[in-house]
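Worksheet: one structure, shown below.
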Amino acid sequence: MSPDVGSKTSPLPELIQMIWGFMASQAIYVASCLGIFDFLSNGEKSANELAIDCEVNADALGRLLSFLSSLDLLFENSSGHYSLTERGDYLRSDHSQSIRGMALLYGQSFFWEPWGNLLETVKTGKPAFDKIYGEGLFDYLEKNPSAAAIFHIAMEGGSKISLQSALDTYDFSIFEKIVDVGGGSGAFLRGILENNTRSKGVLCDLPSVVERVKSEDLPSRIEVVCSDMFVSVPKGGDAYIYKRILHDWDDDESVRILSNCRKAIVRHGRLLVIESVLKPSGQADPARWMDINMLVMLTGRERTEEDYRRIFKAAGFTLTCVTYIGRESIVEGRPYE
């Protein structure tokens, strides 16, 4: 007898939704592109009203809105008007923890096309992105400013989400000079300094990123420096933050990155690597999703605590503790002689 798809105990409904996962991702992407969640930020609207706002086909939009309602992103009342749910609220561009940037990034063709070549990646062990575009992701972003802009918006959104958990859990007040390596827009560093008024910060990233950041309104306590972390980083910091950096690179590249930090950090300083630390295999773990994404997109990977201990040692650091901050962790290290 075949399993009952509608049964509460059958695993089939959940499995089928997994297979259909790309549909939800693309629907959220399209709604974010059209500004649906922003249009609804001030109150409910009908499908026809939203179609006028978005300048799209009313029938097609109505079907999209119904699908989004089934995902608990929108609520449709008895009169056919839509409003935001608590979940959908996070897709507003002005939400303090907005993930609209993430929705836009994962809907871009340069992100989902490599996933269509996952089979090739599993066969060869090489990133599908490189095969499709003939270069690595970061080289591609350097040559495509519009893609880079979306990428950095998504990264900034991720920083804002993890910032409050980090502030609630970790004591940054002990540091005088905090260096954020590859810190993008500086959202994470800015948040730390706003809550620790005696500390100063250094934001360092590649020239293309630094040019964009310098035009923004940053606190005077943040110095913006052009730096390639594979060559060198600013010296004299007593804390060096590498947030979602090492998972982009393989072990040898990660050791090279941290070795440059070891040359720059003061003797009593601390290395703060912020990443999703893998749980033992077999456990439910959101980090496994990002690990497979790294396989497709880059040469990096997510790592276990023991993996970080080994990489730290090779670069001249001792891993001292792992502090959990929500879905990520602060992996702390100190230099050894």
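Letters A, B, ... go to the chains of the structure tokens in the order shown; residues in each chain start at 1; ligands are counted from 1 in the same order.
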#### Entry: DSSP helix (DSSP H, G or I) selection over region 25-183 of chain A, as a PyMOL selection string
chain A and resi 25-34+36-39+47-54+58-70+86-89+100-106+109-115+118-124+128-133+137-143+145-169
Could you please take those selected residues and save C-alpha atoms as an mmCIF file, in the first residue's frame?
data_model
loop_
_atom_site.group_PDB
_atom_site.id
_atom_site.type_symbol
_atom_site.label_atom_id
_atom_site.label_comp_id
_atom_site.auth_asym_id
_atom_site.auth_seq_id
_atom_site.Cartn_x
_atom_site.Cartn_y
_atom_site.Cartn_z
ATOM 1 C CA SER A 25 12.899 30.971 -3.643
ATOM 2 C CA GLN A 26 12.037 32.437 -7.041
ATOM 3 C CA ALA A 27 8.608 33.634 -5.883
ATOM 4 C CA ILE A 28 10.170 35.494 -2.959
ATOM 5 C CA TYR A 29 12.786 36.937 -5.308
ATOM 6 C CA VAL A 30 10.167 38.229 -7.765
ATOM 7 C CA ALA A 31 8.036 39.715 -4.992
ATOM 8 C CA SER A 32 11.123 41.445 -3.584
ATOM 9 C CA CYS A 33 12.078 42.788 -7.019
ATOM 10 C CA LEU A 34 8.580 44.199 -7.491
ATOM 11 C CA ILE A 36 5.481 43.881 -2.891
ATOM 12 C CA PHE A 37 6.550 43.801 0.748
ATOM 13 C CA ASP A 38 7.336 47.525 0.735
ATOM 14 C CA PHE A 39 4.026 48.404 -0.919
ATOM 15 C CA ALA A 47 -4.154 42.285 -6.041
ATOM 16 C CA ASN A 48 -5.455 44.873 -8.516
ATOM 17 C CA GLU A 49 -4.061 47.757 -6.460
ATOM 18 C CA LEU A 50 -0.688 46.056 -6.202
ATOM 19 C CA ALA A 51 -0.708 45.285 -9.929
ATOM 20 C CA ILE A 52 -1.090 49.012 -10.613
ATOM 21 C CA ASP A 53 1.705 49.827 -8.148
ATOM 22 C CA CYS A 54 4.011 47.238 -9.725
ATOM 23 C CA ALA A 58 -3.169 41.557 -12.352
ATOM 24 C CA ASP A 59 -4.140 37.896 -12.793
ATOM 25 C CA ALA A 60 -0.553 36.644 -12.706
ATOM 26 C CA LEU A 61 0.232 38.800 -9.688
ATOM 27 C CA GLY A 62 -2.872 37.538 -7.896
ATOM 28 C CA ARG A 63 -1.676 33.971 -8.288
ATOM 29 C CA LEU A 64 1.775 34.930 -7.029
ATOM 30 C CA LEU A 65 0.227 36.644 -3.997
ATOM 31 C CA SER A 66 -1.840 33.551 -3.225
ATOM 32 C CA PHE A 67 1.310 31.433 -3.368
ATOM 33 C CA LEU A 68 3.094 33.835 -1.012
ATOM 34 C CA SER A 69 0.117 33.549 1.342
ATOM 35 C CA SER A 70 0.533 29.775 1.359
ATOM 36 C CA GLU A 86 5.292 38.538 10.849
ATOM 37 C CA ARG A 87 7.453 36.407 8.563
ATOM 38 C CA GLY A 88 6.861 38.561 5.482
ATOM 39 C CA ASP A 89 7.684 41.700 7.440
ATOM 40 C CA ARG A 100 15.394 41.488 1.206
ATOM 41 C CA GLY A 101 19.000 41.659 0.024
ATOM 42 C CA MET A 102 19.379 37.928 0.552
ATOM 43 C CA ALA A 103 16.180 37.274 -1.407
ATOM 44 C CA LEU A 104 17.459 39.412 -4.276
ATOM 45 C CA LEU A 105 20.897 37.777 -4.252
ATOM 46 C CA TYR A 106 19.691 34.177 -4.281
ATOM 47 C CA SER A 109 21.029 34.155 -12.321
ATOM 48 C CA PHE A 110 24.691 34.214 -11.288
ATOM 49 C CA PHE A 111 23.639 32.497 -8.056
ATOM 50 C CA TRP A 112 21.050 29.956 -9.179
ATOM 51 C CA GLU A 113 22.679 28.917 -12.474
ATOM 52 C CA PRO A 114 25.662 27.328 -10.692
ATOM 53 C CA TRP A 115 23.217 25.338 -8.586
ATOM 54 C CA LEU A 118 25.634 20.783 -8.769
ATOM 55 C CA LEU A 119 25.975 17.339 -10.361
ATOM 56 C CA GLU A 120 29.103 18.472 -12.212
ATOM 57 C CA THR A 121 30.525 19.900 -8.991
ATOM 58 C CA VAL A 122 29.964 16.624 -7.149
ATOM 59 C CA LYS A 123 31.664 14.731 -9.995
ATOM 60 C CA THR A 124 34.713 17.002 -10.212
ATOM 61 C CA ALA A 128 30.202 25.101 -10.717
ATOM 62 C CA PHE A 129 30.426 28.894 -10.743
ATOM 63 C CA ASP A 130 33.935 28.788 -12.227
ATOM 64 C CA LYS A 131 32.844 26.358 -14.940
ATOM 65 C CA ILE A 132 29.892 28.523 -16.021
ATOM 66 C CA TYR A 133 31.506 31.947 -15.856
ATOM 67 C CA LEU A 137 32.844 34.567 -7.915
ATOM 68 C CA PHE A 138 34.875 37.448 -6.504
ATOM 69 C CA ASP A 139 36.598 38.126 -9.827
ATOM 70 C CA TYR A 140 33.141 38.186 -11.421
ATOM 71 C CA LEU A 141 31.866 40.665 -8.839
ATOM 72 C CA GLU A 142 34.864 42.940 -9.426
ATOM 73 C CA LYS A 143 33.888 43.194 -13.109
ATOM 74 C CA PRO A 145 29.274 46.433 -10.272
ATOM 75 C CA SER A 146 25.514 45.837 -10.325
ATOM 76 C CA ALA A 147 25.966 42.239 -9.175
ATOM 77 C CA ALA A 148 28.466 43.375 -6.552
ATOM 78 C CA ALA A 149 25.999 45.949 -5.221
ATOM 79 C CA ILE A 150 23.341 43.271 -4.654
ATOM 80 C CA PHE A 151 25.927 40.970 -3.081
ATOM 81 C CA HIS A 152 27.037 43.638 -0.598
ATOM 82 C CA ILE A 153 23.446 44.550 0.306
ATOM 83 C CA ALA A 154 22.846 40.896 1.168
ATOM 84 C CA MET A 155 26.045 40.720 3.221
ATOM 85 C CA GLU A 156 25.138 43.898 5.104
ATOM 86 C CA GLY A 157 21.714 42.470 5.901
ATOM 87 C CA GLY A 158 23.335 39.349 7.297
ATOM 88 C CA SER A 159 25.646 41.458 9.462
ATOM 89 C CA LYS A 160 22.733 43.357 10.973
ATOM 90 C CA ILE A 161 20.964 40.116 11.849
ATOM 91 C CA SER A 162 23.923 38.676 13.756
ATOM 92 C CA LEU A 163 25.036 41.991 15.292
ATOM 93 C CA GLN A 164 22.591 42.120 18.187
ATOM 94 C CA SER A 165 23.268 38.512 19.174
ATOM 95 C CA ALA A 166 26.993 39.232 19.147
ATOM 96 C CA LEU A 167 26.571 42.352 21.302
ATOM 97 C CA ASP A 168 24.363 40.486 23.771
ATOM 98 C CA THR A 169 26.797 37.590 24.084
#
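For Arg310 (chain A), the residues within 10 Å (counting only C-alpha atoms, excluding itself and residues fewer than 4 positions away along the chain) are Asp251, Val255, Glu305, Glu306, Ala314, Ala315, Phe317, Thr318 and Leu319 of chain A.
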Which residues are near Glu44 (chain A)? Cut-off 6 Å, only C-alpha atoms, ignore same chain within fewer than 3 positions. Put them as a compact mmCIF listing (two decimals) with C-alpha atoms, in the first residue's frame.
# COMPACT_ATOMS: atom_id res chain seq x y z
CA LEU A 40 2.24 46.57 1.89
CA HIS A 81 -6.90 42.17 0.42
CA TYR A 82 -3.35 41.24 1.35
CA SER A 83 -1.24 42.28 4.33
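Atom pair CA of Lys126 (chain A) / CA of Val273 (chain A) has a distance of 25.2 Å (rounded to one decimal).
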### Task
Based on DSSP run over this structure's backbone, return all residues of region 82-318 of chain A in strand (DSSP E or B), as JSON, numbers by chain.
{"A": [82, 83, 84, 177, 178, 179, 180, 181, 200, 201, 202, 203, 204, 205, 222, 223, 224, 225, 226, 239, 240, 241, 242, 243, 270, 271, 272, 273, 274, 275, 277, 303, 317, 318]}
Could those selected residues go to a file with N, CA and C atoms, as an mmCIF file, in the first residue's frame?
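Okay, part-v4.cif is ready:
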data_model
loop_
_atom_site.group_PDB
_atom_site.id
_atom_site.type_symbol
_atom_site.label_atom_id
_atom_site.label_comp_id
_atom_site.auth_asym_id
_atom_site.auth_seq_id
_atom_site.Cartn_x
_atom_site.Cartn_y
_atom_site.Cartn_z
ATOM 1 N N TYR A 82 -4.542 41.884 0.804
ATOM 2 C CA TYR A 82 -3.350 41.244 1.354
ATOM 3 C C TYR A 82 -2.638 42.166 2.339
ATOM 4 N N SER A 83 -2.053 41.548 3.360
ATOM 5 C CA SER A 83 -1.239 42.277 4.330
ATOM 6 C C SER A 83 -0.033 41.422 4.694
ATOM 7 N N LEU A 84 0.955 42.038 5.328
ATOM 8 C CA LEU A 84 2.170 41.323 5.698
ATOM 9 C C LEU A 84 1.960 40.477 6.946
ATOM 10 N N LYS A 177 41.391 48.832 19.773
ATOM 11 C CA LYS A 177 41.443 48.999 18.323
ATOM 12 C C LYS A 177 40.964 47.719 17.652
ATOM 13 N N ILE A 178 39.779 47.793 17.050
ATOM 14 C CA ILE A 178 39.159 46.632 16.418
ATOM 15 C C ILE A 178 39.299 46.751 14.904
ATOM 16 N N VAL A 179 39.919 45.765 14.289
ATOM 17 C CA VAL A 179 40.114 45.752 12.839
ATOM 18 C C VAL A 179 39.135 44.752 12.222
ATOM 19 N N ASP A 180 38.268 45.244 11.353
ATOM 20 C CA ASP A 180 37.297 44.383 10.665
ATOM 21 C C ASP A 180 37.817 44.124 9.254
ATOM 22 N N VAL A 181 38.316 42.923 9.028
ATOM 23 C CA VAL A 181 38.945 42.564 7.757
ATOM 24 C C VAL A 181 37.879 42.054 6.782
ATOM 25 N N LYS A 200 38.090 52.144 19.112
ATOM 26 C CA LYS A 200 38.238 52.677 17.762
ATOM 27 C C LYS A 200 38.265 51.504 16.784
ATOM 28 N N GLY A 201 37.969 51.798 15.525
ATOM 29 C CA GLY A 201 37.897 50.725 14.552
ATOM 30 C C GLY A 201 38.628 51.027 13.264
ATOM 31 N N VAL A 202 39.037 49.962 12.594
ATOM 32 C CA VAL A 202 39.634 50.054 11.263
ATOM 33 C C VAL A 202 38.848 49.114 10.354
ATOM 34 N N LEU A 203 38.290 49.666 9.302
ATOM 35 C CA LEU A 203 37.554 48.877 8.316
ATOM 36 C C LEU A 203 38.433 48.716 7.091
ATOM 37 N N CYS A 204 38.770 47.487 6.735
ATOM 38 C CA CYS A 204 39.629 47.286 5.566
ATOM 39 C C CYS A 204 38.993 46.299 4.597
ATOM 40 N N ASP A 205 39.124 46.641 3.318
ATOM 41 C CA ASP A 205 38.571 45.801 2.257
ATOM 42 C C ASP A 205 39.258 46.179 0.952
ATOM 43 N N ILE A 222 36.039 55.364 13.013
ATOM 44 C CA ILE A 222 36.347 54.288 12.066
ATOM 45 C C ILE A 222 37.255 54.813 10.964
ATOM 46 N N GLU A 223 38.417 54.213 10.846
ATOM 47 C CA GLU A 223 39.344 54.513 9.755
ATOM 48 C C GLU A 223 39.121 53.489 8.644
ATOM 49 N N VAL A 224 38.986 53.964 7.425
ATOM 50 C CA VAL A 224 38.769 53.074 6.282
ATOM 51 C C VAL A 224 40.087 52.904 5.531
ATOM 52 N N VAL A 225 40.506 51.655 5.343
ATOM 53 C CA VAL A 225 41.810 51.360 4.750
ATOM 54 C C VAL A 225 41.643 50.379 3.593
ATOM 55 N N CYS A 226 42.324 50.657 2.493
ATOM 56 C CA CYS A 226 42.364 49.729 1.363
ATOM 57 C C CYS A 226 43.374 48.631 1.678
ATOM 58 N N ALA A 239 42.088 43.411 18.336
ATOM 59 C CA ALA A 239 41.036 42.482 17.918
ATOM 60 C C ALA A 239 40.924 42.530 16.402
ATOM 61 N N TYR A 240 40.933 41.364 15.780
ATOM 62 C CA TYR A 240 40.786 41.269 14.322
ATOM 63 C C TYR A 240 39.572 40.396 14.026
ATOM 64 N N ILE A 241 38.579 41.005 13.389
ATOM 65 C CA ILE A 241 37.340 40.306 13.065
ATOM 66 C C ILE A 241 37.377 39.815 11.620
ATOM 67 N N TYR A 242 37.090 38.537 11.435
ATOM 68 C CA TYR A 242 36.932 37.947 10.102
ATOM 69 C C TYR A 242 35.536 37.335 10.066
ATOM 70 N N LYS A 243 34.584 38.110 9.610
ATOM 71 C CA LYS A 243 33.186 37.680 9.631
ATOM 72 C C LYS A 243 32.780 37.125 8.265
ATOM 73 N N ARG A 270 43.354 39.429 20.119
ATOM 74 C CA ARG A 270 42.479 38.276 19.909
ATOM 75 C C ARG A 270 41.979 38.238 18.462
ATOM 76 N N LEU A 271 41.991 37.062 17.931
ATOM 77 C CA LEU A 271 41.428 36.792 16.612
ATOM 78 C C LEU A 271 39.978 36.352 16.800
ATOM 79 N N LEU A 272 39.057 37.012 16.100
ATOM 80 C CA LEU A 272 37.630 36.698 16.219
ATOM 81 C C LEU A 272 37.085 36.290 14.853
ATOM 82 N N VAL A 273 36.968 35.007 14.637
ATOM 83 C CA VAL A 273 36.424 34.468 13.391
ATOM 84 C C VAL A 273 34.941 34.179 13.611
ATOM 85 N N ILE A 274 34.090 34.811 12.813
ATOM 86 C CA ILE A 274 32.645 34.640 12.969
ATOM 87 C C ILE A 274 32.116 33.833 11.790
ATOM 88 N N GLU A 275 31.711 32.620 12.082
ATOM 89 C CA GLU A 275 31.236 31.696 11.056
ATOM 90 C C GLU A 275 30.178 30.760 11.652
ATOM 91 N N VAL A 277 29.601 27.260 12.729
ATOM 92 C CA VAL A 277 30.405 26.088 13.062
ATOM 93 C C VAL A 277 29.551 24.836 12.906
ATOM 94 N N ARG A 303 33.096 24.710 8.616
ATOM 95 C CA ARG A 303 34.051 23.876 9.340
ATOM 96 C C ARG A 303 33.575 23.547 10.757
ATOM 97 N N PHE A 317 48.046 30.712 15.880
ATOM 98 C CA PHE A 317 47.063 31.050 16.911
ATOM 99 C C PHE A 317 46.640 29.801 17.683
ATOM 100 N N THR A 318 46.230 30.012 18.923
ATOM 101 C CA THR A 318 45.618 28.970 19.728
ATOM 102 C C THR A 318 44.128 29.257 19.850
#
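The environment of Ile265 (chain A) within 8 Å, counting only C-alpha atoms and disregarding residues fewer than 2 places along the same chain, consists of Lys235, Gly236, Gly237, Asp238, Ala239, Tyr240, Cys261, Arg262, Lys263, Arg267, Gly269 and Arg270 of chain A.
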Can you write out the residues you just picked, keeping N, CA and C atoms, as a short mmCIF file (atom, residue, chain, number, x, y, z; two decimals), in the first residue's frame?
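What landed in out-v9.cif:
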data_model
loop_
_atom_site.label_atom_id
_atom_site.label_comp_id
_atom_site.auth_asym_id
_atom_site.auth_seq_id
_atom_site.Cartn_x
_atom_site.Cartn_y
_atom_site.Cartn_z
N LYS A 235 48.25 47.04 10.90
CA LYS A 235 48.90 46.55 12.11
C LYS A 235 48.38 47.24 13.37
N GLY A 236 48.64 46.59 14.50
CA GLY A 236 48.41 47.23 15.79
C GLY A 236 47.06 47.03 16.42
N GLY A 237 46.19 46.23 15.83
CA GLY A 237 44.89 45.99 16.44
C GLY A 237 44.98 44.98 17.56
N ASP A 238 44.09 45.12 18.56
CA ASP A 238 44.04 44.10 19.60
C ASP A 238 42.84 43.17 19.41
N ALA A 239 42.09 43.41 18.34
CA ALA A 239 41.04 42.48 17.92
C ALA A 239 40.92 42.53 16.40
N TYR A 240 40.93 41.36 15.78
CA TYR A 240 40.79 41.27 14.32
C TYR A 240 39.57 40.40 14.03
N CYS A 261 47.29 38.05 9.53
CA CYS A 261 46.75 38.61 10.77
C CYS A 261 47.75 38.43 11.91
N ARG A 262 48.37 37.26 11.95
CA ARG A 262 49.34 36.98 13.02
C ARG A 262 50.50 37.97 12.99
N LYS A 263 50.90 38.41 11.80
CA LYS A 263 51.98 39.38 11.67
C LYS A 263 51.57 40.77 12.15
N ARG A 267 50.58 41.41 20.73
CA ARG A 267 50.85 40.14 21.41
C ARG A 267 49.66 39.66 22.25
N GLY A 269 46.55 40.40 21.66
CA GLY A 269 45.33 40.56 20.87
C GLY A 269 44.53 39.27 20.70
N ARG A 270 43.35 39.43 20.12
CA ARG A 270 42.48 38.28 19.91
C ARG A 270 41.98 38.24 18.46
#
### Task
Could you give me, as a PyMOL selection string, the residues within 9 Å of Cys321 (chain A), counting only C-alpha atoms and dropping anything in the same chain fewer than 3 positions from it?
chain A and resi 330-333
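Considering only C-alpha atoms, the residue among A:Ser93, A:Ser10, A:Gln17, A:Ser208 positioned nearest to Gly35 (chain A) is A:Ser93.
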## Note on the structure
CA of Pro280 (chain A) sits from CA of Thr320 (chain A) at a separation of 19.9 Å
#### Entry: Å distance separating CA of Ser276 (chain A) from CA of Phe22 (chain A), one decimal place
23.2 Å
### Summary
Using only C-alpha atoms, the shortest atom-to-atom distance to Ile325 (chain A) among A:Tyr170, A:Thr85, A:Asp252, A:His268 belongs to A:Tyr170
